[in-house]
2 protein chains.
Amino acid sequence: MSSERQLDVLRAIVQDYVRSREPVGSRNLVERHNLGVSPATIRNDMAALEDSGYIAQPHTSAGRIPTDKGYRMFVDQISSLKPLSTAERRAITGFLEGAVDLDDVLERSVRLLAQFTQQVAVVQYPSLRRSALRHVELVPISTTRLMVVIITDTGRVEQRVVEMPEELDSAVLGELRARINALGAGRELPGLRTALDGLEDVFEPHERTMVTEVTKAVLDTVGEDVEERIVMAGTANLARSDTDFTRTITPVLEALEEQVVLMRLLADMAEEAATTELAVRIGHETSSERLSETSVVAGGYGGTGADAIAQVGVLGPTRMDYPNTMAAVRAVARYLSRILSA
Amino acid sequence: MSSERQLDVLRAIVQDYVRSREPVGSRNLVERHNLGVSPATIRNDMAALEDSGYIAQPHTSAGRIPTDKGYRMFVDQISSLKPLSTAERRAITGFLEGAVDLDDVLERSVRLLAQFTQQVAVVQYPSLRRSALRHVELVPISTTRLMVVIITDTGRVEQRVVEMPEELDSAVLGELRARINALGAGRELPGLRTALDGLEDVFEPHERTMVTEVTKAVLDTVGEDVEERIVMAGTANLARSDTDFTRTITPVLEALEEQVVLMRLLADMAEEAATTELAVRIGHETSSERLSETSVVAGGYGGTGADAIAQVGVLGPTRMDYPNTMAAVRAVARYLSRILSA
DNA sequence: AATTAGCACTCTAAGGGTGGGAGTGCTGGA
DNA sequence: TCCAGCACTCCCACCCTTAGAGTGCTAATT
């Protein structure tokens, strides 16, 4: 279907277009890459590539632009990523090792990734579905209000304030905390409901409403239906990268603000990344209208393959520098994994 | 220096310009506002206003545009804000009462405000300088790592992981937690250092390194030099509002991303808002080059006047609808105050 | 003294025509 | 299979022109 040289041509077109952002013609192509043949020959290859749907021309008598399918082919052809320079790696370690808690680690990672790639970076918090309970703390806030603080083995700290129907009894509270921790600590969060199942029965009948309220709060906070959290950085890079704002940037900003689109996309990509370390979605592959000119590169961290605890990624125009972006994402994902497992 | 009618003219110019985003001329002005005089008269007033620096023309033979000074005059002339409609107020209460913790309250508030004003909204977390300690919890994470969780009376939950030089002793840990809480609970955070001063002396010499590490972590986390946190929403509105992207939007996005600029600005404005309930900075008054075409409206919440615990605000182009924006900010600030004091 | 009609003037933004240039596809020969 | 040459297409940048909106000034009016 496509000769070896045609693949070379496609590769060259992608590279040049990423550089120049302008349709690339046969003449310039042979000048910049030593393909060893004349422009006319390239034109034939281009015609073939266009027939196969890998490239397109904005209008007759313009150069060619890669299509989503073309980028896909290009990405799939990449066999190995060249590792980051030592300077870059030093930047990562230096920047990340100063972090004091999970929020801080994620915040720094995402900023770093945004700066490296000059695009929008995003990181998921460790999924609650893949975390276990470390500790539950019950802190009275007033006579009838209680703050439930939940700490997971992945370092997440979640909180919730519960309004109690009656006054709090600190002795009962202490016992409740001890029992919840005894029953729940170390458990995977999705299984927490069953772990805490018969908890009420241990308490006196008049104490049970409190017990029910608290367990309900705990399960609500880390339950199956809680949405994942994400952090972003580099939205300003969006504006820098492109000139055609209204059409491309605005919808992307909107999608980012809603977050839901992105969270689902990352969840989808997690499955892919389980086998390949990195997942790439190009243009329409994001299956979101508003991201139809956007590509996403994501990789799991905090566990290899299917054990990954969450995703980091980068989001940019379909005409991004895939090799470098992929290398950066992979590097940050690996460093994140290392730091979190320490 | 300026007659009553000239003020009317200025007001009319501001209103029309905010609506149309186009320089407003004398003819249109008299048509839309019944000023009772002819265009020629208005032109004289306009010339006077221009001499005084309240308006300017983009080029000869164009209409007039308000200057920062003009907007300032306009805003200072506003004597009373018309309250929100009942529908809007209902939206606020309905949306905010579902919140389960501080993060949630702030998140919802800022989104609501962004949606109301169709601009960028921002809210500070309650300042640690103005919060008191509610509770400190020490959760062992491994044999040598400890998570310090700090809860303030304003509902903030801060955390930090501490690496210990030696193995943790749970009995000592329990005592340390009890003593920190006994000494610190209820204290204003800025005074926490002195409150915990002689803490080490109570412990055995070999336990003291641990005590020092933990108190250091506590003080580092809520100390004077910790930067304030802010949350934003509505950045996508930026792109919607304006057409001249590269010049106005990009620098604003960059400034927002850095956050530092904005945090300092809000801190500055807090002092103003202490006496006037709302503070407004127009264009260059933000004293940031990148925000030179941006205005900020902010108000304190969680305490009246100088007791305010933090700021909420809205950020938009200098040609924003000041009355409505100010009304929205004030409303959200008041609701926030009410909810947090409950 | 303030207001206003009239008028000449200025400047922009939009429309329309033009030419250069880049790029293509095709054909016929090596 | 490759490639030189060529006719063709189409965009884009440029210039020119014009319509329109708005101004400032002057002289007349209230």
# chains A, B, ... in the order shown; residues from 1 in each chain; ligands from 1
>>> closest_atom_pairs(of="chain D", to="region 4-14 of chain C", cutoff="12 Å", atoms="only C-alpha atoms (C1' of nucleotides)", output="tab-separated table")
residue	atom	partner	partner_atom	distance
D:DT17	C1'	C:DA14	C1'	10.5
D:DT18	C1'	C:DA14	C1'	9.1
D:DA19	C1'	C:DA14	C1'	8.9
D:DG20	C1'	C:DT12	C1'	9.3
D:DA21	C1'	C:DT12	C1'	9.1
D:DG22	C1'	C:DT10	C1'	9.0
D:DT23	C1'	C:DT10	C1'	8.0
D:DG24	C1'	C:DC9	C1'	8.9
D:DC25	C1'	C:DC7	C1'	9.1
D:DT26	C1'	C:DG6	C1'	9.2
D:DA27	C1'	C:DG6	C1'	9.3
D:DA28	C1'	C:DA5	C1'	8.3
D:DT29	C1'	C:DT4	C1'	7.7
D:DT30	C1'	C:DT4	C1'	9.6
>>> residues_around(residues="Ala185 (chain B)", least_positions_apart="3", cutoff="12 Å", atoms="only C-alpha atoms (C1' of nucleotides)", output="list of chain:residue names")
A:Val139, A:Ile141, B:Ser131, B:Ala132, B:Leu133, B:Arg134, B:His135, B:Val136, B:Glu137, B:Ile150, B:Ile151, B:Thr152, B:Asp153, B:Arg177, B:Ala178, B:Arg179, B:Ile180, B:Asn181, B:Ala182, B:Glu188, B:Leu189, B:Gly191, B:Leu192, B:Ala195, B:Leu196
>>> closest_residue(among="A:Gly299, A:Pro205, A:Gly186, A:Gly313", to="chain B", atoms="only C-alpha atoms")
A:Gly186
>>> interface_residues(of="chain A", to="chain C", cutoff="10 Å", atoms="only C-alpha atoms (C1' of nucleotides)", output="PyMOL selection string")
chain A and resi 24-27+40+43-44+47+60-64
>>> write_last_selection(atoms="C-alpha atoms", output="CSV table (one decimal), in the first residue's frame")
chain,number,residue,atom,x,y,z
A,24,VAL,CA,4.9,21.8,2.6
A,25,GLY,CA,5.6,21.5,-1.1
A,26,SER,CA,7.7,19.0,-3.1
A,27,ARG,CA,10.6,21.4,-3.8
A,40,ALA,CA,8.6,15.3,-9.5
A,43,ARG,CA,5.0,14.6,-6.2
A,44,ASN,CA,4.0,11.2,-7.3
A,47,ALA,CA,-0.3,11.9,-4.8
A,60,THR,CA,-5.3,23.2,-5.2
A,61,SER,CA,-1.8,24.4,-5.8
A,62,ALA,CA,-0.9,24.5,-2.2
A,63,GLY,CA,1.5,22.2,-0.4
A,64,ARG,CA,0.4,19.2,1.7
>>> select_by_dssp(residues="region 91-205 of chain B", states="alpha helix (DSSP H)", output="JSON list (two decimals) with C-alpha atoms, in the first residue's frame")
[["chain", "number", "residue", "atom", "x", "y", "z"],
["B", 91, "ALA", "CA", -29.17, 30.35, 41.92],
["B", 92, "ILE", "CA", -26.50, 31.30, 44.41],
["B", 93, "THR", "CA", -28.09, 29.72, 47.44],
["B", 94, "GLY", "CA", -29.15, 26.65, 45.55],
["B", 95, "PHE", "CA", -25.74, 26.08, 44.10],
["B", 96, "LEU", "CA", -23.71, 26.76, 47.19],
["B", 102, "LEU", "CA", -14.27, 24.21, 52.11],
["B", 103, "ASP", "CA", -12.73, 23.18, 48.81],
["B", 104, "ASP", "CA", -16.15, 22.50, 47.49],
["B", 105, "VAL", "CA", -17.59, 25.81, 48.69],
["B", 106, "LEU", "CA", -14.82, 27.81, 47.10],
["B", 107, "GLU", "CA", -14.88, 25.81, 43.91],
["B", 108, "ARG", "CA", -18.58, 26.30, 43.49],
["B", 109, "SER", "CA", -18.46, 29.97, 44.37],
["B", 110, "VAL", "CA", -15.82, 30.77, 41.86],
["B", 111, "ARG", "CA", -17.55, 28.88, 39.09],
["B", 112, "LEU", "CA", -20.79, 30.58, 39.85],
["B", 113, "LEU", "CA", -19.20, 33.99, 39.81],
["B", 114, "ALA", "CA", -17.50, 33.25, 36.51],
["B", 115, "GLN", "CA", -20.75, 32.16, 34.99],
["B", 116, "PHE", "CA", -22.63, 35.17, 36.32],
["B", 117, "THR", "CA", -20.20, 37.73, 35.04],
["B", 170, "SER", "CA", 3.66, 5.46, 68.42],
["B", 171, "ALA", "CA", 3.48, 6.20, 72.13],
["B", 172, "VAL", "CA", 5.68, 9.25, 71.79],
["B", 173, "LEU", "CA", 3.73, 10.22, 68.71],
["B", 174, "GLY", "CA", 0.49, 10.10, 70.64],
["B", 175, "GLU", "CA", 1.83, 12.23, 73.38],
["B", 176, "LEU", "CA", 3.30, 14.71, 70.95],
["B", 177, "ARG", "CA", 0.00, 15.07, 69.18],
["B", 178, "ALA", "CA", -1.83, 15.59, 72.43],
["B", 179, "ARG", "CA", 0.62, 18.22, 73.60],
["B", 180, "ILE", "CA", 0.66, 20.12, 70.31],
["B", 181, "ASN", "CA", -3.10, 20.27, 70.35],
["B", 182, "ALA", "CA", -3.23, 21.23, 73.99],
["B", 183, "LEU", "CA", -0.78, 24.07, 73.44],
["B", 184, "GLY", "CA", -1.86, 25.15, 69.99],
["B", 192, "LEU", "CA", 1.79, 29.42, 66.94],
["B", 193, "ARG", "CA", 5.55, 29.52, 67.05],
["B", 194, "THR", "CA", 5.68, 31.06, 70.48],
["B", 195, "ALA", "CA", 2.84, 28.85, 71.67]]
>>> closest_residue(among="B:Thr250, B:Ile42, B:Val100, B:Asp8", to="chain D", atoms="only C-alpha atoms (C1' of nucleotides)")
B:Ile42
>>> residues_around(residues="Val329 (chain A)", least_positions_apart="2", cutoff="9 Å", atoms="only C-alpha atoms (C1' of nucleotides)", output="ChimeraX atom specification")
/A:113,117,278,297-299,312-314,324-327,331-334
>>> select_by_dssp(residues="region 85-311 of chain A", states="strand (DSSP E)", output="JSON, numbers by chain")
{"A": [120, 121, 122, 123, 124, 133, 134, 135, 136, 137, 138, 139, 140, 145, 146, 147, 148, 149, 150, 151, 152, 157, 158, 159, 160, 161, 162, 163, 230, 231, 232, 233, 278, 279, 280, 281, 282, 294, 295, 296, 297, 298, 299, 300, 301, 310, 311]}
>>> closest_atom_pairs(of="chain A", to="chain B", cutoff="6 Å", atoms="only C-alpha atoms", output="JSON lines")
{"residue": "A:Val100", "atom": "CA", "partner": "B:Arg160", "partner_atom": "CA", "distance": 5.7}
{"residue": "A:Asp101", "atom": "CA", "partner": "B:Arg160", "partner_atom": "CA", "distance": 5.1}
{"residue": "A:Arg160", "atom": "CA", "partner": "B:Asp101", "partner_atom": "CA", "distance": 5.1}
{"residue": "A:Val161", "atom": "CA", "partner": "B:Asp101", "partner_atom": "CA", "distance": 5.6}
{"residue": "A:Ala236", "atom": "CA", "partner": "B:Leu253", "partner_atom": "CA", "distance": 5.0}
{"residue": "A:Ala239", "atom": "CA", "partner": "B:Thr250", "partner_atom": "CA", "distance": 5.7}
{"residue": "A:Thr250", "atom": "CA", "partner": "B:Ala239", "partner_atom": "CA", "distance": 5.7}
{"residue": "A:Leu253", "atom": "CA", "partner": "B:Ala236", "partner_atom": "CA", "distance": 5.0}
{"residue": "A:Glu254", "atom": "CA", "partner": "B:Ala236", "partner_atom": "CA", "distance": 5.3}
>>> closest_atom_pairs(of="chain D", to="chain A", cutoff="10 Å", atoms="only C-alpha atoms (C1' of nucleotides)", output="CSV")
residue,atom,partner,partner_atom,distance
D:DT1,C1',A:Thr41,CA,9.4
D:DC2,C1',A:Thr41,CA,6.7
D:DC3,C1',A:Ala40,CA,6.4
D:DA4,C1',A:Ala40,CA,8.6
D:DC8,C1',A:Ser61,CA,9.5
D:DT9,C1',A:Ser61,CA,6.1
D:DC10,C1',A:Ser61,CA,6.1
D:DC11,C1',A:Ala62,CA,8.2
>>> decode(residues="region 164-244 of chain B", atoms="C-alpha atoms", output="PDB file, in the first residue's frame")
ATOM      1  CA  MET B 164      12.184  11.098  60.160  1.00  0.00           C
ATOM      2  CA  PRO B 165      15.779  10.335  60.974  1.00  0.00           C
ATOM      3  CA  GLU B 166      14.766   7.405  63.168  1.00  0.00           C
ATOM      4  CA  GLU B 167      11.911   4.970  63.593  1.00  0.00           C
ATOM      5  CA  LEU B 168       8.633   6.294  64.839  1.00  0.00           C
ATOM      6  CA  ASP B 169       7.445   5.420  68.324  1.00  0.00           C
ATOM      7  CA  SER B 170       3.662   5.456  68.420  1.00  0.00           C
ATOM      8  CA  ALA B 171       3.476   6.202  72.132  1.00  0.00           C
ATOM      9  CA  VAL B 172       5.678   9.246  71.790  1.00  0.00           C
ATOM     10  CA  LEU B 173       3.727  10.217  68.712  1.00  0.00           C
ATOM     11  CA  GLY B 174       0.488  10.101  70.640  1.00  0.00           C
ATOM     12  CA  GLU B 175       1.832  12.229  73.378  1.00  0.00           C
ATOM     13  CA  LEU B 176       3.297  14.706  70.952  1.00  0.00           C
ATOM     14  CA  ARG B 177       0.004  15.075  69.183  1.00  0.00           C
ATOM     15  CA  ALA B 178      -1.831  15.587  72.432  1.00  0.00           C
ATOM     16  CA  ARG B 179       0.615  18.222  73.603  1.00  0.00           C
ATOM     17  CA  ILE B 180       0.658  20.124  70.314  1.00  0.00           C
ATOM     18  CA  ASN B 181      -3.102  20.272  70.346  1.00  0.00           C
ATOM     19  CA  ALA B 182      -3.228  21.234  73.989  1.00  0.00           C
ATOM     20  CA  LEU B 183      -0.783  24.071  73.442  1.00  0.00           C
ATOM     21  CA  GLY B 184      -1.859  25.149  69.987  1.00  0.00           C
ATOM     22  CA  ALA B 185      -5.568  24.546  69.500  1.00  0.00           C
ATOM     23  CA  GLY B 186      -7.444  27.806  69.272  1.00  0.00           C
ATOM     24  CA  ARG B 187      -4.319  29.847  68.764  1.00  0.00           C
ATOM     25  CA  GLU B 188      -3.954  32.245  65.899  1.00  0.00           C
ATOM     26  CA  LEU B 189      -1.519  30.703  63.444  1.00  0.00           C
ATOM     27  CA  PRO B 190       0.932  33.611  63.398  1.00  0.00           C
ATOM     28  CA  GLY B 191       1.359  33.160  67.132  1.00  0.00           C
ATOM     29  CA  LEU B 192       1.789  29.421  66.937  1.00  0.00           C
ATOM     30  CA  ARG B 193       5.550  29.516  67.047  1.00  0.00           C
ATOM     31  CA  THR B 194       5.678  31.060  70.484  1.00  0.00           C
ATOM     32  CA  ALA B 195       2.837  28.853  71.671  1.00  0.00           C
ATOM     33  CA  LEU B 196       4.833  25.731  70.876  1.00  0.00           C
ATOM     34  CA  ASP B 197       8.067  27.188  72.108  1.00  0.00           C
ATOM     35  CA  GLY B 198       9.206  25.079  75.002  1.00  0.00           C
ATOM     36  CA  LEU B 199       7.661  21.912  73.689  1.00  0.00           C
ATOM     37  CA  GLU B 200      10.842  19.921  73.291  1.00  0.00           C
ATOM     38  CA  ASP B 201      11.840  20.305  76.902  1.00  0.00           C
ATOM     39  CA  VAL B 202       8.983  18.097  78.027  1.00  0.00           C
ATOM     40  CA  PHE B 203      10.337  15.147  76.113  1.00  0.00           C
ATOM     41  CA  GLU B 204      13.265  12.885  76.749  1.00  0.00           C
ATOM     42  CA  PRO B 205      16.457  13.971  75.013  1.00  0.00           C
ATOM     43  CA  HIS B 206      16.422  11.093  72.530  1.00  0.00           C
ATOM     44  CA  GLU B 207      12.889  11.952  71.499  1.00  0.00           C
ATOM     45  CA  ARG B 208      13.668  15.550  70.816  1.00  0.00           C
ATOM     46  CA  THR B 209      14.818  15.292  67.223  1.00  0.00           C
ATOM     47  CA  MET B 210      11.401  13.929  66.372  1.00  0.00           C
ATOM     48  CA  VAL B 211       9.660  16.693  68.237  1.00  0.00           C
ATOM     49  CA  THR B 212      11.761  19.297  66.506  1.00  0.00           C
ATOM     50  CA  GLU B 213      11.091  17.825  63.099  1.00  0.00           C
ATOM     51  CA  VAL B 214       7.359  17.733  63.628  1.00  0.00           C
ATOM     52  CA  THR B 215       7.009  21.211  65.059  1.00  0.00           C
ATOM     53  CA  LYS B 216       9.181  22.493  62.263  1.00  0.00           C
ATOM     54  CA  ALA B 217       6.871  20.853  59.752  1.00  0.00           C
ATOM     55  CA  VAL B 218       3.814  22.351  61.407  1.00  0.00           C
ATOM     56  CA  LEU B 219       5.286  25.813  61.450  1.00  0.00           C
ATOM     57  CA  ASP B 220       6.555  25.506  57.899  1.00  0.00           C
ATOM     58  CA  THR B 221       3.134  24.521  56.686  1.00  0.00           C
ATOM     59  CA  VAL B 222       1.192  27.347  58.266  1.00  0.00           C
ATOM     60  CA  GLY B 223       3.993  29.817  58.841  1.00  0.00           C
ATOM     61  CA  GLU B 224       4.128  33.448  57.914  1.00  0.00           C
ATOM     62  CA  ASP B 225       5.989  32.877  54.685  1.00  0.00           C
ATOM     63  CA  VAL B 226       3.524  30.419  53.187  1.00  0.00           C
ATOM     64  CA  GLU B 227       1.942  31.865  50.107  1.00  0.00           C
ATOM     65  CA  GLU B 228      -1.801  32.199  49.863  1.00  0.00           C
ATOM     66  CA  ARG B 229      -3.732  29.834  47.661  1.00  0.00           C
ATOM     67  CA  ILE B 230      -6.192  30.882  45.012  1.00  0.00           C
ATOM     68  CA  VAL B 231      -8.685  29.152  42.774  1.00  0.00           C
ATOM     69  CA  MET B 232      -9.807  30.396  39.407  1.00  0.00           C
ATOM     70  CA  ALA B 233     -12.591  29.699  36.971  1.00  0.00           C
ATOM     71  CA  GLY B 234     -13.816  31.074  33.697  1.00  0.00           C
ATOM     72  CA  THR B 235     -10.551  31.422  31.835  1.00  0.00           C
ATOM     73  CA  ALA B 236     -12.434  30.310  28.748  1.00  0.00           C
ATOM     74  CA  ASN B 237     -14.515  33.463  29.069  1.00  0.00           C
ATOM     75  CA  LEU B 238     -11.402  35.440  28.324  1.00  0.00           C
ATOM     76  CA  ALA B 239     -11.323  34.075  24.826  1.00  0.00           C
ATOM     77  CA  ARG B 240     -15.002  34.697  24.347  1.00  0.00           C
ATOM     78  CA  SER B 241     -14.897  38.307  25.411  1.00  0.00           C
ATOM     79  CA  ASP B 242     -12.292  39.690  23.157  1.00  0.00           C
ATOM     80  CA  THR B 243     -11.233  39.541  19.579  1.00  0.00           C
ATOM     81  CA  ASP B 244      -7.758  40.962  19.805  1.00  0.00           C
TER      82      ASP B 244
END
